[in-house]
Amino acid sequence: MGVKVYGIPHSTATLRVLAAIHEKELEYELVPVDLRSGAHKQEPFISINPFGQIPAFEDGDLTLFESRAITKYIAYTNEGKGTSLISKQGKEMANLAVWMEVEAHQFDPVSTKLSWELVYKGFFGMEIDNAVVEENEAKLAKVLDVYEVRLAKSKYLAGDSFTLADLHHLPGFQYLNGTKVKHLFDERPHVSAWCKDILARPAWEKVMALQKQA
Amino acid sequence: MGIKVYGSDYPITPNVMRVLAAVYEKELEFDYVPLDMKSGAHKQMPYLSLNPFGQVPALEDGDIKLFESRAITRYIANEYENKGTQLLTKDTKKMALVEVWVEVEALHFDPVAIKLGWELVYKKIFDMEPDMAVVEENKAKLAKVLDVFEARLTQLKYLAGEAFSLADLNHLPIVHYLMNSQVKQLFEERPNVSAWCKDILSRPSWIKVVTLHEKLKG
């Protein structure tokens, strides 16, 4: 019996989990959640995630939520399969821990605000708030300056191998890459090379194909 | 060359306290280096080479340098697995639950609780007026988060199971600050949350953090 992911392939958090599943080449079922009818805020979903958000995850009788907890579980329980996504000791583990937090606390809040304005609002025919875009473009530029320095020192964020620290960025990048803030990535040679590299990973291309089908 | 924790002078910020809690739980020798943040030491070299985002805390352990408090507590929990309190577990399913509640602290509890901490505790220390609209909004949000915690702690002694873990530890600083503020009743009116708070705040390692904090008051 494979694992179950509850979510939709347009949600960045669901995509984060699907990326990990595909890197590990696992059997799984994607169970759609009807957000429009509020299914995520009611039983039975709320028993799996009391915060009423997607994604959620099931492996036998174990249920989990929070995409970055799910990706860690997937990485640690499938160490022998697919891509190694973690490091357990010393400098690489330390860097992995640091850059996973940087993604969650420095990159993601800014990326989410920009995606909301420049991608989602478009879908729903809503007015873009240019003040928010300008403010967050400036913040993103500063964050990417830090990444540029880091990626001059190693190929990936935690070291020489692709890990969860890189993977967690994929959904955010995919969205921002199709917007006017793409130039912030292109203008920074190490960031640019790293983005191109991770977005071209076969596992990510499979996740994108899934999104197109949905 | 031992461990160095870089942080603020009095009052020690919650993110710095999080790291201190972990070093004390693991019974590690360390030097605390309070930065002169009033003069912007954290936004300049040489500190920026430790934390390029110019924030506290940072940690040096030999030639390993780290920033982001939750990365540091994670590193300490892993690197010093065999010392002091067990903060992780080798059981992969139990560890998965630790990871979930580590995320809950970071993404559900902290964003709300830290705003309340800023308005009700920090601003008081610096003689500033709290923004009561922000307080009311975040009190309502915190109540909802604590309802989830109350249900969780009805089944279990700690957030991830029957043992204290990294998930509980990461909550200590802001629980401590808010239990000393006017929103403490949100915690006290939920019996399981209240018992959990009392338990974790009475840990010897946490008492050491508070002692260090008070010492810096001078």
# chains A, B, ... in the order shown; residues from 1 in each chain; ligands from 1
call {"tool": "select_by_dssp", "arguments": {"residues": "chain A", "states": "strand (DSSP E or B)", "output": "list of chain:residue names"}}
result
A:Val3, A:Lys4, A:Val5, A:Tyr6, A:Tyr28, A:Glu29, A:Leu30, A:Val31, A:Ala56, A:Phe57, A:Glu58, A:Asp59, A:Leu62, A:Thr63, A:Leu64, A:Phe65
call {"tool": "write_last_selection", "arguments": {"atoms": "N, CA and C atoms", "output": "JSON list (two decimals), in the first residue's frame"}}
result
[["chain", "number", "residue", "atom", "x", "y", "z"],
["A", 3, "VAL", "N", 1.62, 5.57, -0.12],
["A", 3, "VAL", "CA", 1.25, 6.67, 0.76],
["A", 3, "VAL", "C", 0.16, 7.52, 0.10],
["A", 4, "LYS", "N", -0.52, 8.30, 0.91],
["A", 4, "LYS", "CA", -1.56, 9.20, 0.39],
["A", 4, "LYS", "C", -1.19, 10.64, 0.68],
["A", 5, "VAL", "N", -1.38, 11.49, -0.32],
["A", 5, "VAL", "CA", -1.20, 12.93, -0.13],
["A", 5, "VAL", "C", -2.56, 13.57, -0.36],
["A", 6, "TYR", "N", -3.04, 14.32, 0.60],
["A", 6, "TYR", "CA", -4.30, 15.05, 0.47],
["A", 6, "TYR", "C", -3.95, 16.48, 0.08],
["A", 28, "TYR", "N", 2.31, 6.45, -4.73],
["A", 28, "TYR", "CA", 1.44, 7.28, -3.91],
["A", 28, "TYR", "C", 0.12, 7.55, -4.62],
["A", 29, "GLU", "N", -0.84, 8.04, -3.83],
["A", 29, "GLU", "CA", -2.13, 8.46, -4.38],
["A", 29, "GLU", "C", -2.34, 9.91, -3.98],
["A", 30, "LEU", "N", -2.70, 10.76, -4.94],
["A", 30, "LEU", "CA", -3.02, 12.15, -4.63],
["A", 30, "LEU", "C", -4.53, 12.23, -4.47],
["A", 31, "VAL", "N", -4.98, 12.53, -3.26],
["A", 31, "VAL", "CA", -6.42, 12.60, -2.98],
["A", 31, "VAL", "C", -6.82, 14.07, -3.00],
["A", 56, "ALA", "N", -2.10, 17.18, 3.62],
["A", 56, "ALA", "CA", -1.96, 16.24, 4.71],
["A", 56, "ALA", "C", -1.43, 14.95, 4.08],
["A", 57, "PHE", "N", -1.01, 14.03, 4.93],
["A", 57, "PHE", "CA", -0.27, 12.87, 4.43],
["A", 57, "PHE", "C", -0.61, 11.66, 5.29],
["A", 58, "GLU", "N", -0.70, 10.51, 4.64],
["A", 58, "GLU", "CA", -1.01, 9.27, 5.36],
["A", 58, "GLU", "C", -0.05, 8.18, 4.94],
["A", 59, "ASP", "N", 0.55, 7.49, 5.92],
["A", 59, "ASP", "CA", 1.36, 6.32, 5.62],
["A", 59, "ASP", "C", 0.92, 5.25, 6.59],
["A", 62, "LEU", "N", -0.21, 6.25, 10.20],
["A", 62, "LEU", "CA", 0.43, 7.51, 10.57],
["A", 62, "LEU", "C", -0.13, 8.63, 9.70],
["A", 63, "THR", "N", -0.64, 9.70, 10.33],
["A", 63, "THR", "CA", -1.06, 10.86, 9.56],
["A", 63, "THR", "C", -0.21, 12.07, 9.96],
["A", 64, "LEU", "N", 0.14, 12.87, 8.98],
["A", 64, "LEU", "CA", 1.01, 14.02, 9.20],
["A", 64, "LEU", "C", 0.45, 15.24, 8.49],
["A", 65, "PHE", "N", 0.86, 16.43, 8.93],
["A", 65, "PHE", "CA", 0.58, 17.66, 8.19],
["A", 65, "PHE", "C", 1.80, 18.56, 8.31]]
call {"tool": "interface_residues", "arguments": {"of": "chain B", "to": "chain A", "cutoff": "9 Å", "atoms": "only C-alpha atoms", "output": "VMD selection string"}}
result
chain B and resid 52 to 53 63 to 72 74 to 75 78 to 79 92 to 93 95 to 104 106 to 108 145 148
call {"tool": "residues_around", "arguments": {"residues": "Gly62 (chain B)", "least_positions_apart": "6", "cutoff": "12 Å", "atoms": "only C-alpha atoms", "output": "list in words"}}
result
Gly90 and Lys91 of chain A; Met1, Gly2, Ile3, Lys4, Val5 and Phe30 of chain B
call {"tool": "select_by_dssp", "arguments": {"residues": "region 45-108 of chain A", "states": "alpha helix (DSSP H)", "output": "list in words"}}
result
Phe45, Ile46, Ser47, Ile48, Ser67, Arg68, Ala69, Ile70, Thr71, Lys72, Tyr73, Ile74, Ala75, Tyr76, Thr77, Gly90, Lys91, Glu92, Met93, Ala94, Asn95, Leu96, Ala97, Val98, Trp99, Met100, Glu101, Val102 and Asp108 of chain A
call {"tool": "decode", "arguments": {"residues": "region 130-174 of chain B", "atoms": "N, CA and C atoms", "output": "compact mmCIF listing (two decimals), in the first residue's frame"}}
result
# COMPACT_ATOMS: atom_id res chain seq x y z
N PRO B 130 1.51 49.84 23.88
CA PRO B 130 1.09 48.75 22.99
C PRO B 130 -0.03 49.19 22.05
N ASP B 131 -0.06 48.56 20.86
CA ASP B 131 -1.15 48.81 19.90
C ASP B 131 -2.26 47.83 20.23
N MET B 132 -3.33 48.30 20.86
CA MET B 132 -4.35 47.38 21.37
C MET B 132 -5.13 46.69 20.25
N ALA B 133 -5.19 47.30 19.09
CA ALA B 133 -5.86 46.63 17.95
C ALA B 133 -5.09 45.37 17.57
N VAL B 134 -3.76 45.49 17.52
CA VAL B 134 -2.90 44.34 17.21
C VAL B 134 -3.05 43.28 18.30
N VAL B 135 -3.12 43.73 19.55
CA VAL B 135 -3.25 42.80 20.67
C VAL B 135 -4.56 42.01 20.56
N GLU B 136 -5.67 42.72 20.33
CA GLU B 136 -6.97 42.03 20.26
C GLU B 136 -7.01 41.04 19.11
N GLU B 137 -6.50 41.45 17.96
CA GLU B 137 -6.51 40.58 16.78
C GLU B 137 -5.72 39.30 17.05
N ASN B 138 -4.55 39.46 17.66
CA ASN B 138 -3.69 38.30 17.86
C ASN B 138 -4.09 37.46 19.05
N LYS B 139 -4.78 38.07 20.02
CA LYS B 139 -5.35 37.28 21.12
C LYS B 139 -6.36 36.28 20.57
N ALA B 140 -7.20 36.74 19.64
CA ALA B 140 -8.22 35.87 19.05
C ALA B 140 -7.56 34.74 18.27
N LYS B 141 -6.50 35.08 17.52
CA LYS B 141 -5.80 34.04 16.73
C LYS B 141 -5.11 33.05 17.66
N LEU B 142 -4.48 33.55 18.73
CA LEU B 142 -3.77 32.67 19.66
C LEU B 142 -4.75 31.72 20.34
N ALA B 143 -5.93 32.22 20.67
CA ALA B 143 -6.95 31.37 21.31
C ALA B 143 -7.26 30.16 20.43
N LYS B 144 -7.37 30.40 19.12
CA LYS B 144 -7.67 29.29 18.19
C LYS B 144 -6.53 28.28 18.14
N VAL B 145 -5.31 28.78 18.11
CA VAL B 145 -4.14 27.88 18.11
C VAL B 145 -4.11 27.07 19.40
N LEU B 146 -4.36 27.75 20.52
CA LEU B 146 -4.30 27.04 21.81
C LEU B 146 -5.44 26.02 21.97
N ASP B 147 -6.54 26.24 21.25
CA ASP B 147 -7.61 25.23 21.26
C ASP B 147 -7.10 23.93 20.64
N VAL B 148 -6.33 24.05 19.56
CA VAL B 148 -5.74 22.87 18.92
C VAL B 148 -4.76 22.19 19.89
N PHE B 149 -3.94 23.00 20.56
CA PHE B 149 -2.98 22.46 21.53
C PHE B 149 -3.72 21.76 22.67
N GLU B 150 -4.82 22.35 23.13
CA GLU B 150 -5.58 21.77 24.25
C GLU B 150 -6.07 20.37 23.88
N ALA B 151 -6.61 20.24 22.65
CA ALA B 151 -7.09 18.94 22.20
C ALA B 151 -5.92 17.96 22.12
N ARG B 152 -4.81 18.40 21.60
CA ARG B 152 -3.62 17.56 21.44
C ARG B 152 -3.11 17.08 22.80
N LEU B 153 -3.02 18.01 23.75
CA LEU B 153 -2.43 17.70 25.05
C LEU B 153 -3.41 16.97 25.98
N THR B 154 -4.63 16.76 25.50
CA THR B 154 -5.57 15.90 26.23
C THR B 154 -5.13 14.45 26.06
N GLN B 155 -4.58 14.17 24.86
CA GLN B 155 -4.18 12.78 24.56
C GLN B 155 -2.76 12.47 25.01
N LEU B 156 -1.91 13.47 25.03
CA LEU B 156 -0.48 13.25 25.26
C LEU B 156 0.07 14.23 26.27
N LYS B 157 1.16 13.83 26.94
CA LYS B 157 1.76 14.69 27.95
C LYS B 157 2.51 15.86 27.30
N TYR B 158 3.17 15.57 26.17
CA TYR B 158 3.90 16.59 25.42
C TYR B 158 3.38 16.61 23.99
N LEU B 159 3.79 17.61 23.23
CA LEU B 159 3.19 17.81 21.90
C LEU B 159 3.40 16.65 20.94
N ALA B 160 4.58 16.00 21.02
CA ALA B 160 4.85 14.94 20.05
C ALA B 160 4.73 13.55 20.65
N GLY B 161 4.40 13.45 21.92
CA GLY B 161 4.31 12.13 22.54
C GLY B 161 4.45 12.22 24.05
N GLU B 162 4.92 11.12 24.66
CA GLU B 162 5.00 11.10 26.12
C GLU B 162 6.30 11.69 26.66
N ALA B 163 7.22 12.04 25.76
CA ALA B 163 8.50 12.60 26.21
C ALA B 163 8.69 14.03 25.68
N PHE B 164 9.35 14.86 26.47
CA PHE B 164 9.74 16.22 26.07
C PHE B 164 10.64 16.12 24.84
N SER B 165 10.38 16.95 23.84
CA SER B 165 11.17 16.88 22.61
C SER B 165 11.50 18.29 22.12
N LEU B 166 12.19 18.32 21.00
CA LEU B 166 12.53 19.58 20.33
C LEU B 166 11.28 20.42 20.07
N ALA B 167 10.15 19.77 19.79
CA ALA B 167 8.89 20.48 19.51
C ALA B 167 8.47 21.32 20.72
N ASP B 168 8.56 20.76 21.92
CA ASP B 168 8.19 21.51 23.14
C ASP B 168 9.23 22.59 23.41
N LEU B 169 10.52 22.23 23.28
CA LEU B 169 11.60 23.17 23.58
C LEU B 169 11.48 24.46 22.79
N ASN B 170 11.18 24.33 21.49
CA ASN B 170 11.12 25.52 20.63
C ASN B 170 10.05 26.52 21.08
N HIS B 171 9.06 26.05 21.86
CA HIS B 171 7.99 26.93 22.37
C HIS B 171 8.39 27.73 23.61
N LEU B 172 9.41 27.26 24.32
CA LEU B 172 9.70 27.81 25.65
C LEU B 172 9.78 29.34 25.74
N PRO B 173 10.55 30.00 24.87
CA PRO B 173 10.74 31.43 25.08
C PRO B 173 9.45 32.24 25.05
N ILE B 174 8.62 31.99 24.06
CA ILE B 174 7.44 32.85 23.96
C ILE B 174 6.36 32.44 24.96
